[in-house]
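See below for data.cif, which holds mmCIF, C-alpha atoms.
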data_start
#
loop_
_atom_site.label_atom_id
_atom_site.label_comp_id
_atom_site.auth_asym_id
_atom_site.auth_seq_id
_atom_site.Cartn_x
_atom_site.Cartn_y
_atom_site.Cartn_z
CA MET A 215 18.46 23.26 -23.26
CA THR A 216 15.63 21.47 -21.43
CA VAL A 217 16.13 19.13 -18.50
CA PHE A 218 15.10 16.25 -20.77
CA HIS A 219 17.82 17.18 -23.28
CA GLN A 220 20.34 17.30 -20.45
CA ARG A 221 19.25 13.84 -19.30
CA ARG A 222 19.68 12.40 -22.80
CA ASN A 223 23.17 13.88 -23.03
CA ALA A 224 23.98 12.46 -19.60
CA LEU A 225 22.80 9.03 -20.74
CA LEU A 226 25.11 8.98 -23.76
CA ALA A 227 28.00 10.12 -21.56
CA GLU A 228 27.21 7.49 -18.92
CA VAL A 229 27.27 4.54 -21.33
CA ASP A 230 29.86 6.02 -23.75
CA CYS A 231 27.88 5.07 -26.82
CA ASP A 232 26.81 6.89 -29.97
CA ALA A 233 23.14 5.80 -29.98
CA TYR A 234 20.61 4.57 -27.43
CA LEU A 235 17.22 2.94 -28.03
CA VAL A 236 14.20 3.15 -25.68
CA VAL A 237 11.03 1.25 -26.61
CA ASP A 238 7.68 1.42 -24.83
CA LEU A 239 5.14 -0.10 -27.17
CA ALA A 240 2.37 -2.53 -26.21
CA ARG A 241 2.10 -3.94 -29.72
CA LEU A 242 5.68 -5.23 -29.43
CA MET A 243 6.20 -5.89 -25.71
CA PRO A 244 4.29 -5.92 -22.39
CA LYS A 245 2.39 -2.70 -21.74
CA GLU A 246 4.42 0.12 -20.15
CA ILE A 247 7.57 -2.00 -19.93
CA ASP A 248 9.68 1.17 -20.19
CA HIS A 249 7.18 3.99 -19.81
CA THR A 250 9.25 5.54 -17.02
CA SER A 251 12.43 5.84 -19.10
CA LEU A 252 10.54 7.30 -22.05
CA TYR A 253 8.95 9.95 -19.83
CA TYR A 254 12.19 10.70 -17.95
CA LEU A 255 14.04 11.38 -21.21
CA THR A 256 11.32 13.24 -23.12
CA GLY A 257 8.52 14.48 -20.82
CA TYR A 258 6.07 12.53 -23.00
CA HIS A 259 3.46 10.16 -21.50
CA GLY A 260 2.36 7.97 -24.41
CA GLU A 261 3.80 4.96 -26.18
CA GLY A 262 6.62 5.24 -28.66
CA VAL A 263 10.24 4.64 -29.60
CA LEU A 264 13.12 6.98 -28.76
CA ILE A 265 16.45 6.93 -30.59
CA ILE A 266 19.15 9.14 -29.05
CA THR A 267 22.35 10.19 -30.77
CA GLU A 268 24.72 13.08 -30.16
CA GLU A 269 23.49 14.85 -33.29
CA GLU A 270 19.77 14.20 -32.94
CA SER A 271 17.14 12.67 -30.68
CA LEU A 272 14.16 11.19 -32.49
CA LEU A 273 10.77 10.17 -31.10
CA LEU A 274 8.54 7.83 -33.10
CA ALA A 275 4.83 7.90 -32.25
CA ASP A 276 1.85 6.54 -34.15
CA GLU A 277 -1.39 8.30 -34.99
CA ARG A 278 -2.88 7.61 -31.56
CA TYR A 279 -0.19 9.65 -29.82
CA PHE A 280 1.39 11.86 -32.47
CA GLU A 281 -0.36 15.13 -31.58
CA ALA A 282 0.10 14.56 -27.85
CA ALA A 283 3.79 13.85 -28.45
CA LYS A 284 4.22 17.12 -30.36
CA ASP A 285 2.50 19.04 -27.56
CA ALA A 286 4.63 17.37 -24.89
CA VAL A 287 8.10 17.78 -26.38
CA GLY A 288 7.77 20.89 -28.53
CA HIS A 289 11.05 21.54 -30.33
CA ASP A 290 13.15 19.59 -27.85
CA LEU A 291 13.55 16.66 -30.23
CA VAL A 292 12.49 15.45 -33.68
CA ILE A 293 9.14 13.65 -33.94
CA HIS A 294 8.17 11.35 -36.80
CA GLN A 295 4.90 9.50 -37.21
CA ALA A 296 5.20 5.72 -37.16
CA ALA A 297 2.91 3.03 -38.50
CA GLY A 298 2.22 -0.64 -37.89
CA ASP A 299 4.64 -2.30 -35.50
CA TYR A 300 7.22 0.54 -35.87
CA LEU A 301 9.92 -1.88 -37.05
CA ALA A 302 10.15 -0.47 -40.57
CA ASN A 303 10.37 3.03 -39.10
CA ILE A 304 13.11 1.96 -36.70
CA LYS A 305 15.07 0.41 -39.57
CA ASP A 306 14.76 3.56 -41.69
CA GLU A 307 15.73 5.95 -38.91
CA VAL A 308 18.69 3.90 -37.67
CA GLY A 309 19.87 3.70 -41.26
CA ARG A 310 19.54 7.46 -41.65
CA LEU A 311 21.34 8.25 -38.38
CA SER A 312 24.06 5.64 -39.10
CA PRO A 313 25.40 4.95 -35.59
CA SER A 314 28.14 2.34 -35.30
CA THR A 315 26.35 0.57 -32.42
CA LEU A 316 22.92 0.81 -30.81
CA SER A 317 22.67 0.36 -27.04
CA PHE A 318 19.53 -0.54 -25.09
CA THR A 319 18.50 -1.45 -21.56
CA SER A 320 18.66 -5.24 -21.31
CA ASN A 321 15.82 -5.71 -18.84
CA ARG A 322 13.47 -3.34 -20.72
CA ILE A 323 13.43 -5.11 -24.09
CA THR A 324 12.16 -8.65 -24.53
CA TYR A 325 14.25 -11.32 -26.15
CA SER A 326 11.63 -11.58 -28.90
CA LEU A 327 12.06 -7.92 -29.86
CA PHE A 328 15.84 -8.15 -29.52
CA ASP A 329 15.84 -11.10 -31.93
CA ARG A 330 13.69 -9.21 -34.46
CA LEU A 331 15.93 -6.14 -34.23
CA GLN A 332 19.02 -8.27 -34.81
CA GLN A 333 17.50 -9.62 -38.01
CA LEU A 334 16.31 -6.18 -39.08
CA LEU A 335 19.30 -3.94 -38.39
CA ASP A 336 22.79 -4.19 -39.89
CA ILE A 337 24.37 -2.88 -36.70
CA ASP A 338 25.76 -4.15 -33.40
CA LEU A 339 23.13 -4.16 -30.63
CA THR A 340 24.68 -3.63 -27.19
CA PRO A 341 22.73 -4.49 -24.02
CA ARG A 342 23.25 -2.26 -20.98
CA GLU A 343 22.35 -2.78 -17.32
CA ASP A 344 19.79 0.04 -16.99
CA PRO A 345 21.94 3.18 -16.98
CA ILE A 346 18.74 5.25 -16.99
CA ALA A 347 17.82 3.89 -13.57
CA LYS A 348 21.29 4.92 -12.38
CA LEU A 349 20.73 8.47 -13.63
CA ARG A 350 17.37 8.59 -11.86
CA MET A 351 18.87 7.77 -8.46
CA ARG A 352 19.77 11.40 -7.72
CA LYS A 353 16.84 13.80 -7.93
CA ASP A 354 17.04 17.41 -9.03
CA ALA A 355 15.27 20.26 -7.24
CA GLU A 356 12.06 19.95 -9.28
CA GLU A 357 11.86 16.20 -8.73
CA ILE A 358 12.30 16.69 -4.99
CA ARG A 359 9.60 19.38 -4.99
CA CYS A 360 7.18 16.97 -6.68
CA ILE A 361 7.92 14.16 -4.23
CA ASP A 362 7.54 16.59 -1.31
CA ALA A 363 4.15 17.68 -2.70
CA ALA A 364 3.07 14.05 -3.08
CA VAL A 365 3.98 13.41 0.56
CA ASP A 366 1.99 16.46 1.70
CA ILE A 367 -1.10 15.30 -0.22
CA SER A 368 -0.73 11.78 1.15
CA GLU A 369 -0.50 12.95 4.74
CA SER A 370 -3.47 15.29 4.39
CA CYS A 371 -5.62 12.45 3.06
CA LEU A 372 -4.45 10.09 5.80
CA ARG A 373 -5.36 12.63 8.50
CA GLN A 374 -8.86 12.86 7.09
CA LEU A 375 -9.18 9.09 6.80
CA VAL A 376 -8.19 8.56 10.44
CA GLU A 377 -11.18 10.64 11.54
CA GLU A 378 -13.54 8.49 9.48
CA ILE A 379 -12.41 4.97 10.42
CA GLU A 380 -14.92 3.01 12.49
CA ILE A 381 -14.81 -0.44 14.05
CA GLY A 382 -16.55 -2.87 11.72
CA MET A 383 -15.30 -1.33 8.48
CA THR A 384 -13.64 -3.70 6.05
CA GLU A 385 -10.11 -3.42 4.76
CA LYS A 386 -11.53 -2.88 1.27
CA ALA A 387 -13.78 -0.04 2.43
CA ILE A 388 -10.90 1.75 4.15
CA ALA A 389 -8.63 1.35 1.12
CA SER A 390 -11.34 2.58 -1.24
CA ARG A 391 -12.05 5.62 0.90
CA LEU A 392 -8.36 6.56 1.00
CA ASP A 393 -8.10 6.22 -2.78
CA ILE A 394 -11.12 8.50 -3.20
CA LEU A 395 -9.61 11.10 -0.88
CA MET A 396 -6.43 11.17 -2.97
CA LEU A 397 -8.41 11.52 -6.19
CA GLU A 398 -10.53 14.29 -4.68
CA ALA A 399 -7.29 16.08 -3.75
CA GLY A 400 -6.36 16.12 -7.43
CA ALA A 401 -3.72 13.42 -7.10
CA GLY A 402 -3.36 9.92 -8.38
CA CYS A 403 -2.78 6.72 -6.43
CA ALA A 404 0.90 5.79 -6.63
CA PHE A 405 0.17 2.06 -6.32
CA GLU A 406 -2.55 -0.26 -5.07
CA THR A 407 -3.27 0.85 -1.50
CA ILE A 408 -2.48 -1.75 1.16
CA VAL A 409 -4.82 -1.97 4.14
CA ALA A 410 -4.26 -4.91 6.49
CA ALA A 411 -5.93 -5.65 9.82
CA GLY A 412 -4.87 -7.94 12.63
CA GLU A 413 -3.18 -11.12 11.47
CA ASN A 414 -3.18 -9.84 7.86
CA CYS A 415 -0.47 -7.31 8.80
CA PHE A 416 1.96 -10.22 8.68
CA ASN A 417 1.66 -10.23 4.88
CA GLN A 418 3.81 -7.29 3.86
CA HIS A 419 1.98 -6.70 0.55
CA HIS A 420 -1.46 -7.81 1.64
CA GLN A 421 -4.36 -7.12 -0.71
CA PRO A 422 -7.34 -5.52 1.10
CA SER A 423 -10.05 -8.06 1.87
CA ASP A 424 -13.56 -8.21 3.31
CA ARG A 425 -12.13 -8.68 6.82
CA HIS A 426 -13.77 -6.32 9.33
CA ILE A 427 -11.53 -4.43 11.74
CA LYS A 428 -12.12 -5.02 15.43
CA ALA A 429 -10.81 -3.83 18.78
CA GLU A 430 -7.20 -4.72 19.58
CA ASP A 431 -6.32 -5.10 15.90
CA PHE A 432 -3.32 -3.49 14.37
CA LEU A 433 -4.38 -1.61 11.22
CA LEU A 434 -1.57 -1.16 8.70
CA ILE A 435 -2.02 1.33 5.86
CA ASP A 436 0.62 1.55 3.11
CA PHE A 437 -0.18 4.03 0.34
CA GLY A 438 0.95 7.08 -1.59
CA ALA A 439 -0.31 9.92 -3.75
CA THR A 440 1.30 11.28 -6.90
CA SER A 441 2.26 14.82 -7.87
CA GLY A 442 3.74 15.77 -11.24
CA GLU A 443 4.34 12.07 -12.08
CA TYR A 444 6.36 11.58 -8.87
CA LEU A 445 5.06 9.67 -5.90
CA ALA A 446 5.07 9.18 -2.16
CA ASP A 447 5.20 5.87 -0.30
CA ILE A 448 4.12 6.06 3.34
CA THR A 449 3.05 3.47 5.91
CA ARG A 450 1.50 3.95 9.31
CA THR A 451 0.17 1.29 11.66
CA PHE A 452 -2.71 2.14 14.00
CA ALA A 453 -4.39 0.49 16.97
CA VAL A 454 -8.10 -0.21 16.60
CA GLY A 455 -10.18 0.70 19.63
CA THR A 456 -7.51 0.30 22.29
CA ILE A 457 -3.80 -0.32 22.84
CA THR A 458 -2.64 -3.46 24.61
CA PRO A 459 0.82 -3.69 26.25
CA ARG A 460 1.96 -6.10 23.56
CA MET A 461 0.83 -3.74 20.82
CA ARG A 462 2.67 -0.89 22.50
CA ALA A 463 5.92 -2.86 22.75
CA ILE A 464 5.85 -3.99 19.13
CA HIS A 465 5.00 -0.54 17.82
CA ASP A 466 7.66 1.17 19.95
CA ALA A 467 10.34 -1.19 18.63
CA ALA A 468 9.31 -0.58 15.03
CA SER A 469 9.09 3.18 15.50
CA GLU A 470 12.56 3.29 17.04
CA ALA A 471 13.88 1.24 14.12
CA THR A 472 12.54 3.78 11.64
CA GLU A 473 14.13 6.62 13.61
CA ILE A 474 17.49 4.86 13.95
CA GLY A 475 17.50 3.79 10.31
CA THR A 476 16.66 7.30 9.12
CA GLU A 477 19.53 8.79 11.09
CA ALA A 478 21.91 6.32 9.39
CA LEU A 479 21.01 7.59 5.89
CA ARG A 480 24.07 9.75 5.30
CA PRO A 481 26.10 10.42 2.13
CA GLY A 482 28.96 8.00 1.69
CA THR A 483 27.42 5.35 3.96
CA PRO A 484 27.30 1.85 2.43
CA ILE A 485 23.75 0.56 2.23
CA LYS A 486 24.70 -2.64 4.04
CA ASP A 487 25.79 -0.53 7.05
CA VAL A 488 22.35 1.07 7.22
CA TRP A 489 20.73 -2.37 7.13
CA GLN A 490 23.09 -3.64 9.83
CA THR A 491 22.31 -0.66 12.07
CA ILE A 492 18.63 -1.56 11.92
CA LYS A 493 19.33 -5.25 12.55
CA ASN A 494 21.47 -4.37 15.58
CA HIS A 495 18.51 -2.46 17.01
CA PHE A 496 16.11 -5.36 16.53
CA ASP A 497 18.65 -7.81 17.96
CA ARG A 498 18.36 -5.89 21.23
CA THR A 499 14.61 -6.52 21.27
CA GLU A 500 12.49 -9.67 21.30
CA PHE A 501 11.33 -9.03 17.72
CA ALA A 502 14.26 -10.07 15.48
CA PRO A 503 14.61 -10.63 12.58
CA HIS A 504 13.11 -7.66 10.79
CA GLY A 505 13.00 -8.81 7.16
CA GLU A 506 15.18 -8.73 4.08
CA ILE A 507 14.50 -5.18 2.84
CA SER A 508 14.46 -2.05 5.01
CA GLY A 509 13.70 0.48 2.28
CA HIS A 510 14.06 1.49 -1.34
CA CYS A 511 14.39 4.63 -3.40
CA ILE A 512 11.31 6.28 -4.90
CA GLY A 513 10.64 8.76 -7.68
CA LEU A 514 8.73 8.08 -10.88
CA ASP A 515 8.41 4.45 -9.75
CA VAL A 516 7.50 3.18 -6.32
CA HIS A 517 10.48 0.81 -6.21
CA GLU A 518 13.67 2.35 -7.54
CA ARG A 519 17.29 1.39 -7.03
CA PRO A 520 18.97 1.05 -4.68
CA PHE A 521 17.20 -1.10 -2.09
CA ILE A 522 18.37 -1.18 1.52
CA LEU A 523 19.75 -4.72 1.70
CA ALA A 524 22.22 -6.59 3.87
CA ASP A 525 24.81 -7.24 1.15
CA ASP A 526 24.85 -4.01 -0.90
CA ASP A 527 28.12 -2.03 -0.85
CA PHE A 528 26.63 0.90 -2.79
CA GLU A 529 27.25 4.20 -1.01
CA LEU A 530 24.37 6.62 -0.48
CA GLN A 531 24.51 9.92 -2.36
CA PRO A 532 22.97 13.38 -1.90
CA GLY A 533 19.79 13.79 -3.91
CA MET A 534 18.50 10.27 -3.31
CA VAL A 535 15.01 9.92 -1.89
CA THR A 536 14.50 6.63 -0.11
CA THR A 537 11.92 5.03 2.11
CA MET A 538 12.84 3.84 5.58
CA GLU A 539 10.47 1.03 6.48
CA PRO A 540 11.80 -1.64 8.84
CA GLY A 541 8.97 -3.76 10.16
CA ILE A 542 8.01 -6.41 12.65
CA TYR A 543 5.87 -9.26 11.34
CA ILE A 544 4.48 -11.98 13.61
CA GLN A 545 2.66 -14.82 11.91
CA GLY A 546 -0.84 -15.40 13.25
CA TYR A 547 -0.84 -12.09 15.14
CA GLY A 548 0.02 -9.23 12.81
CA GLY A 549 2.75 -6.69 12.45
CA VAL A 550 3.87 -3.09 12.37
CA ARG A 551 5.57 -1.08 9.64
CA ILE A 552 6.29 2.65 9.92
CA GLU A 553 7.54 4.03 6.63
CA ASP A 554 8.93 7.50 6.01
CA ASP A 555 10.21 9.09 2.81
CA VAL A 556 13.66 10.56 3.37
CA LEU A 557 15.78 12.93 1.28
CA ILE A 558 19.53 12.44 1.60
CA THR A 559 21.20 15.86 1.67
CA PRO A 560 24.93 16.71 1.82
CA ASP A 561 24.44 17.29 5.56
CA GLY A 562 22.46 14.13 6.25
CA PRO A 563 18.89 12.84 6.14
CA ARG A 564 15.81 15.06 5.95
CA SER A 565 12.51 13.28 6.43
CA LEU A 566 9.85 14.49 4.02
CA THR A 567 7.24 12.67 6.10
CA SER A 568 5.79 14.52 9.07
CA PHE A 569 2.82 12.33 10.04
CA PRO A 570 3.36 11.23 13.67
CA ARG A 571 5.07 7.90 14.26
CA GLU A 572 3.28 7.46 17.58
CA LEU A 573 0.69 4.69 17.97
CA ILE A 574 -2.67 6.33 17.30
CA VAL A 575 -6.02 4.77 18.19
CA VAL A 576 -8.66 4.69 15.45
CA GLY A 577 -12.29 3.60 15.56
#

Whole structure, structure tokens version:
Amino acid sequence: MTVFHQRRNALLAEVDCDAYLVVDLARLMPKEIDHTSLYYLTGYHGEGVLIITEEESLLLADERYFEAAKDAVGHDLVIHQAAGDYLANIKDEVGRLSPSTLSFTSNRITYSLFDRLQQLLDIDLTPREDPIAKLRMRKDAEEIRCIDAAVDISESCLRQLVEEIEIGMTEKAIASRLDILMLEAGAGCAFETIVAAGENCFNQHHQPSDRHIKAEDFLLIDFGATSGEYLADITRTFAVGTITPRMRAIHDAASEATEIGTEALRPGTPIKDVWQTIKNHFDRTEFAPHGEISGHCIGLDVHERPFILADDDFELQPGMVTTMEPGIYIQGYGGVRIEDDVLITPDGPRSLTSFPRELIVVG
């Protein structure tokens, strides 16, 4: 039994249903609306429709993807070729499989498609609150290996980039160079690389601009490579040219927050307690508050549940991989974020990130 078969069985057990529907099809809904779930349950990268029952799992793919789907899944599940908008195929296959109800992830299917399915199928459609995301929270050994590899590639590229940064470069030029380094390393870019200089560091998801870096700027770089479909998410903040006392104080407080927050990532700890531990640290400095979110899980997606928030009672579990990224953001001046990727083990946290947290001068 493949790992994908095991995941499909686990999904049916989790939701206690006799059939589950996953749809990732641009001709019916926004592009890649549920690509991650389809890959997680099949190992297949293209578009299609997956119907899971205890007796049989069926993948529908049209002529654009049919051969690739066969190559990807082998004999792990049944593959049928679909045509048009797939709706006639869905009707036929649900009728053949005859489940009593058909469950689906409520935030991964549009109301328009739900309405069409209701008119098409003589069966109860049951929305679920993303049980697949719940299954994905805890990573297996191979998933952890892939994330670890993505972190290693990311750090290697960042080390090379640091040697190449010069005063006068633009944010866009630095971001483009880092993306090229990741591609040259045989990896993909996990998300749009963030490079922010000076006052732009205040914007936590700043888009690289034509601003030139200059001495006494903070330079924030938030990026990640991919490996085997899994990704890294790392941030380091550098000093351009020189380090002022104010820069040192801000960076030290942020670095300590990352260290303290990482140490709090232990199995059985409520997420809100981790967040509060970080807030308590910042309350002892001149740089409170530190923001709403202090981290999030990663895996196939860059933002996976759970997030490290002030009001979340969810208890951390072994096998989760989460970022730890408390930051300090000062409007009109800039900010610092130091983000590590951390595996939660039965014995406590293990940082997958090894790039130094110290304030490094570039340019």

Report as a PyMOL selection string the full result of the PyMOL selection byres ((chain A and resi 535-541) around 7) when it is applied to this structure. chain A and resi 468+471-472+475-476+504+508-512+533-534+542-543+550-558

Just C-alpha atoms for this one: save the residues we selected as a PDB file, in the coordinates of the input.
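Just written: out_34.pdb:
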ATOM      1  CA  ALA A 468       9.310  -0.580  15.030  1.00  0.00           C
ATOM      2  CA  ALA A 471      13.880   1.240  14.120  1.00  0.00           C
ATOM      3  CA  THR A 472      12.540   3.780  11.640  1.00  0.00           C
ATOM      4  CA  GLY A 475      17.500   3.790  10.310  1.00  0.00           C
ATOM      5  CA  THR A 476      16.660   7.300   9.120  1.00  0.00           C
ATOM      6  CA  HIS A 504      13.110  -7.660  10.790  1.00  0.00           C
ATOM      7  CA  SER A 508      14.460  -2.050   5.010  1.00  0.00           C
ATOM      8  CA  GLY A 509      13.700   0.480   2.280  1.00  0.00           C
ATOM      9  CA  HIS A 510      14.060   1.490  -1.340  1.00  0.00           C
ATOM     10  CA  CYS A 511      14.390   4.630  -3.400  1.00  0.00           C
ATOM     11  CA  ILE A 512      11.310   6.280  -4.900  1.00  0.00           C
ATOM     12  CA  GLY A 533      19.790  13.790  -3.910  1.00  0.00           C
ATOM     13  CA  MET A 534      18.500  10.270  -3.310  1.00  0.00           C
ATOM     14  CA  ILE A 542       8.010  -6.410  12.650  1.00  0.00           C
ATOM     15  CA  TYR A 543       5.870  -9.260  11.340  1.00  0.00           C
ATOM     16  CA  VAL A 550       3.870  -3.090  12.370  1.00  0.00           C
ATOM     17  CA  ARG A 551       5.570  -1.080   9.640  1.00  0.00           C
ATOM     18  CA  ILE A 552       6.290   2.650   9.920  1.00  0.00           C
ATOM     19  CA  GLU A 553       7.540   4.030   6.630  1.00  0.00           C
ATOM     20  CA  ASP A 554       8.930   7.500   6.010  1.00  0.00           C
ATOM     21  CA  ASP A 555      10.210   9.090   2.810  1.00  0.00           C
ATOM     22  CA  VAL A 556      13.660  10.560   3.370  1.00  0.00           C
ATOM     23  CA  LEU A 557      15.780  12.930   1.280  1.00  0.00           C
ATOM     24  CA  ILE A 558      19.530  12.440   1.600  1.00  0.00           C
TER      25      ILE A 558
END

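When the PyMOL selection byres ((chain A and resi 483) around 6) is evaluated on the file shown here, the picked residues come out as Arg480, Pro481, Gly482, Pro484, Glu529 and Leu530 of chain A.
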
For Thr319 of chain A, list every protein, DNA or RNA residue within 6 Å, evaluated using only C-alpha atoms, and leave out those in the same chain fewer than 5 positions away; present the list as an mmCIF file with C-alpha atoms, keeping the file's coordinate frame.
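The result, written out as part04.cif:
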data_model
loop_
_atom_site.group_PDB
_atom_site.id
_atom_site.type_symbol
_atom_site.label_atom_id
_atom_site.label_comp_id
_atom_site.auth_asym_id
_atom_site.auth_seq_id
_atom_site.Cartn_x
_atom_site.Cartn_y
_atom_site.Cartn_z
ATOM 1 C CA PRO A 341 22.730 -4.490 -24.020
ATOM 2 C CA ARG A 342 23.250 -2.260 -20.980
ATOM 3 C CA GLU A 343 22.350 -2.780 -17.320
ATOM 4 C CA ASP A 344 19.790 0.040 -16.990
#

12 Å contact set for Asn321 of chain A, all atoms listed in the file, chain neighbours under 4 positions out, as an MDAnalysis selection string: chainID A and resid 236:237 243 247:248 325 327:328 341:347

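Taken over the shown file, the PyMOL selection byres ((chain A and resi 525) around 10) identifies Pro484, Ile485, Lys486, Asp487, Trp489, Gln490, Ile522, Leu523, Ala524, Asp526, Asp527 and Phe528 of chain A.
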
Could those selected residues go to a file with C-alpha atoms, as an mmCIF file, in the frame of the given file?
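This went into again_4.cif:
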data_model
loop_
_atom_site.group_PDB
_atom_site.id
_atom_site.type_symbol
_atom_site.label_atom_id
_atom_site.label_comp_id
_atom_site.auth_asym_id
_atom_site.auth_seq_id
_atom_site.Cartn_x
_atom_site.Cartn_y
_atom_site.Cartn_z
ATOM 1 C CA PRO A 484 27.300 1.850 2.430
ATOM 2 C CA ILE A 485 23.750 0.560 2.230
ATOM 3 C CA LYS A 486 24.700 -2.640 4.040
ATOM 4 C CA ASP A 487 25.790 -0.530 7.050
ATOM 5 C CA TRP A 489 20.730 -2.370 7.130
ATOM 6 C CA GLN A 490 23.090 -3.640 9.830
ATOM 7 C CA ILE A 522 18.370 -1.180 1.520
ATOM 8 C CA LEU A 523 19.750 -4.720 1.700
ATOM 9 C CA ALA A 524 22.220 -6.590 3.870
ATOM 10 C CA ASP A 526 24.850 -4.010 -0.900
ATOM 11 C CA ASP A 527 28.120 -2.030 -0.850
ATOM 12 C CA PHE A 528 26.630 0.900 -2.790
#

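With all atoms listed in the file as the basis for measurement, A:Thr315 is the residue among A:Thr256, A:Thr315, A:Asn414, A:Ser368 that approaches Leu339 of chain A most closely.
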
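The space between atom CA of Glu473 of chain A and atom CA of Gly455 of chain A spans 25.7 Å.
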
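Note that atom CA of Leu434 of chain A and atom CA of Ile379 of chain A are 12.6 Å apart.
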
Using the file's own x, y and z axes, so that the box edges lie along x, y and z, what centre and edge lengths in Å (one decimal) does a box around every listed atom of segment 564-577 of chain A get when 8 Å is added on each side? Give it as JSON.
{"center_x": 1.8, "center_y": 9.3, "center_z": 11.1, "size_x": 44.1, "size_y": 27.5, "size_z": 30.2}

Distance atom CA of Thr340 of chain A-atom CA of Arg322 of chain A, one decimal place? 12.9 Å

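All residues of protein, DNA or RNA that reach within 12 Å of His249 of chain A, judged by only C-alpha atoms and not counting those fewer than 6 positions away in the chain, are Val236, Val237, Asp238, Leu239, Ala240, Met243, Leu255, Thr256, Gly257, Tyr258, His259, Gly260, Glu261, Gly262, Val263, Leu264, Arg322, Ile323, Ile346, Glu443, Leu514 and Asp515 of chain A.
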
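Among the candidate residues A:Phe318, A:Tyr444, A:Tyr253, A:Tyr300, the one lying nearest to Ala283 of chain A is A:Tyr253, with distances computed using all atoms listed in the file.
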